[in-house]
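Accompanying notes for the structure given below.
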Amino acid sequence: MNSETKHAGLIPPRRQAQVWIDFDGTITEWDMIDELVERYAVDDSWRAIEAAWHAGRIGSLECLRGIFDLIRISDEDLNACLDGGRLDPGAAALFGRLAAWQVPVTILSDGVDWFISRLLARAGIRNVCVRANTIRRHGDRMELVCPYRNPECEADAAHCKCGSMQALGLPGRRSIYIGDGRSDVCGARRSDVVFAKSALAACLEKEGRPFIPFRTLEDVDEALAVAWREAGEGPAAGRN
């Protein structure tokens with residue numbers, strides 16, 4: 001029995017499923033904001049900010065605001081940096097399957113909305129709901145704007161992902177969460193099924209919470225395909 005078949009019984013039928021997916025490090029192979037700060041920060045003080053976030057002394061709101069305050073980048077360099085980004089090799093097939101099988105999916109990100117939209121468009125992935133932070137440009141500077149911040153967020157996140165799930169959750173649908181980082185922990189705790197890797201997997205394992213491990217979105221796509229085929233829910237779209 002392969003891993004996809006083993007986990008098939010955990011996954012809800014597609015007509016009862018709603019998918020939530022992180023962006024940086026999950027849909028992408030790298031973190032866009034990490035790339036920007038490493039290449040375009042005015043000094044190395046961002047390292048102390050990031051260390052405080054990893055240690056849990058500050059939330060992502062304080063971390064991201066501090067980091068964006070340090071970045072100086074032209075529009076031309078910003079666009080070039082974005083265009084150098086790579087998506088996970090299974091991203092297009094996964095979104096194709098979810099669209100064809102009419103499974104609602106929302107990208108929940110602590111990153112920046114128009115960074116996400118540009119990268120998705122380049123990959124031909126369109127008409128996906130994105131809930132994320134945004135930025136305002138002031139010359140070569142960027143100001144972080146957090147329309148989905150919740151002052152009562154237990155993680156003090158720039159984007160309260162569990163708040164977005166509560167706002168956008170559909171009646172009668174069970175949540176499938178896909179993520180890789182600390183910003184995904186809250187949403188993962190509130191989901192019925194979780195696909196996790198990296199820091200998210202380590203945190204859930206430490207808490208004794210069940211999850212389905214994955215390396216790339218190809219693994220997630222195949223697991224969903226197996227589960228829904230075994231339930232007799234129709235032919236798969238995308239990767240076969």
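Ordering of the structure tokens sets the chain letters (A, B, ...); residue numbers start at 1 within each chain; ligands are numbered from 1 in the order shown.
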
Per-residue DSSP, stretch 141-203 of chain A, filtered to alpha helix (DSSP H), as a PyMOL selection string: chain A and resi 161-168+185-189+198-203

A:Val145 environment, 8 Å, only C-alpha atoms, sequence neighbours closer than 3 positions dropped, as a list in words: Asn133, Thr134, Ile135 and Arg136 of chain A

Residues as selected, C-alpha atoms, written as a PDB file, in the first residue's frame, can you do that?
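This went into selection_17.pdb:
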```pdb
ATOM      1  CA  ASN A 133      -1.215  41.233   2.908  1.00  0.00           C
ATOM      2  CA  THR A 134      -0.461  43.990   0.440  1.00  0.00           C
ATOM      3  CA  ILE A 135       2.063  46.826   0.075  1.00  0.00           C
ATOM      4  CA  ARG A 136       2.155  50.487  -0.852  1.00  0.00           C
TER       5      ARG A 136
END
```

Show me a table, sorted first by chain and then by increasing residue number, of the residues of stretch 184-212 of chain A having an atom at most 12 Å from stretch 150-155 of chain A, each with its shortest atom pair and the distance in Å to one decimal, counting only C-alpha atoms and written as JSON lines.
```
{"residue": "A:Asp184", "atom": "CA", "partner": "A:Ala155", "partner_atom": "CA", "distance": 10.0}
{"residue": "A:Val185", "atom": "CA", "partner": "A:Ala155", "partner_atom": "CA", "distance": 9.0}
{"residue": "A:Cys186", "atom": "CA", "partner": "A:Ala155", "partner_atom": "CA", "distance": 7.6}
{"residue": "A:Gly187", "atom": "CA", "partner": "A:Ala155", "partner_atom": "CA", "distance": 10.8}
```

Go ahead and save the residues from that selection, with N, CA, C and O atoms, as a compact mmCIF listing (two decimals), in the first residue's frame.
```txt
# COMPACT_ATOMS: atom_id res chain seq x y z
N ASP A 184 1.22 28.85 9.44
CA ASP A 184 0.15 27.92 9.09
C ASP A 184 -0.39 27.13 10.28
O ASP A 184 -1.37 26.41 10.16
N VAL A 185 0.28 27.25 11.43
CA VAL A 185 -0.07 26.40 12.56
C VAL A 185 -1.51 26.62 13.01
O VAL A 185 -2.27 25.66 13.23
N CYS A 186 -1.91 27.88 13.13
CA CYS A 186 -3.26 28.18 13.61
C CYS A 186 -4.33 27.57 12.70
O CYS A 186 -5.26 26.93 13.17
N GLY A 187 -4.18 27.78 11.39
CA GLY A 187 -5.14 27.23 10.44
C GLY A 187 -5.14 25.72 10.44
O GLY A 187 -6.19 25.07 10.34
```

Interface rows for stretch 2-101 of chain A against stretch 110-123 of chain A: nearest pair, Å to one decimal, 9 Å, only C-alpha atoms, as a tab-separated table:
```
residue	atom	partner	partner_atom	distance
A:Asp22	CA	A:Asp110	CA	8.3
A:Phe23	CA	A:Ile116	CA	7.6
A:Asp24	CA	A:Gly111	CA	7.2
A:Thr28	CA	A:Leu119	CA	8.9
A:Asp31	CA	A:Gly111	CA	8.9
A:Met32	CA	A:Gly111	CA	8.0
A:Ile33	CA	A:Gly111	CA	7.3
A:Ser60	CA	A:Asp110	CA	7.9
A:Leu61	CA	A:Asp110	CA	8.9
A:Leu64	CA	A:Asp110	CA	8.8
A:Asn79	CA	A:Phe115	CA	8.9
A:Leu82	CA	A:Phe115	CA	6.8
A:Asp83	CA	A:Leu119	CA	7.0
A:Gly85	CA	A:Leu119	CA	7.1
A:Arg86	CA	A:Leu119	CA	8.1
A:Leu87	CA	A:Ala123	CA	7.8
A:Ala91	CA	A:Ala123	CA	9.0
A:Ala92	CA	A:Ala123	CA	7.3
```

Contacts of A:Cys81 within 9 Å, only C-alpha atoms, excl. fewer than 3 positions in-chain, as a ChimeraX atom specification: /A:32,35-36,76-78,84-85

DSSP-assigned strand (DSSP E) among stretch 95-145 of chain A, expressed as a ChimeraX atom specification: /A:105-112,129-138,141-145

Closest of A:Gly90, A:Gly169, A:Gly56, A:Gly124 to A:Thr106 - atom-to-atom distances counting only C-alpha atoms: A:Gly169

Nearest to A:Trp20 by atom-to-atom distance, counting only C-alpha atoms, from A:Leu224, A:Ala158, A:Val193, A:Ile212: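 Ranking A:Leu224, A:Ala158, A:Val193, A:Ile212 by distance to A:Trp20, first place goes to A:Val193.
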
Between atom CA of A:Cys63 and atom CA of A:Ala157, distance in Å (one decimal): 9.2 Å

Near-A:Val42 list (10 Å; only C-alpha atoms; drop same-chain fewer than 4 positions) as a PyMOL selection string: chain A and resi 37-38+46+69-73
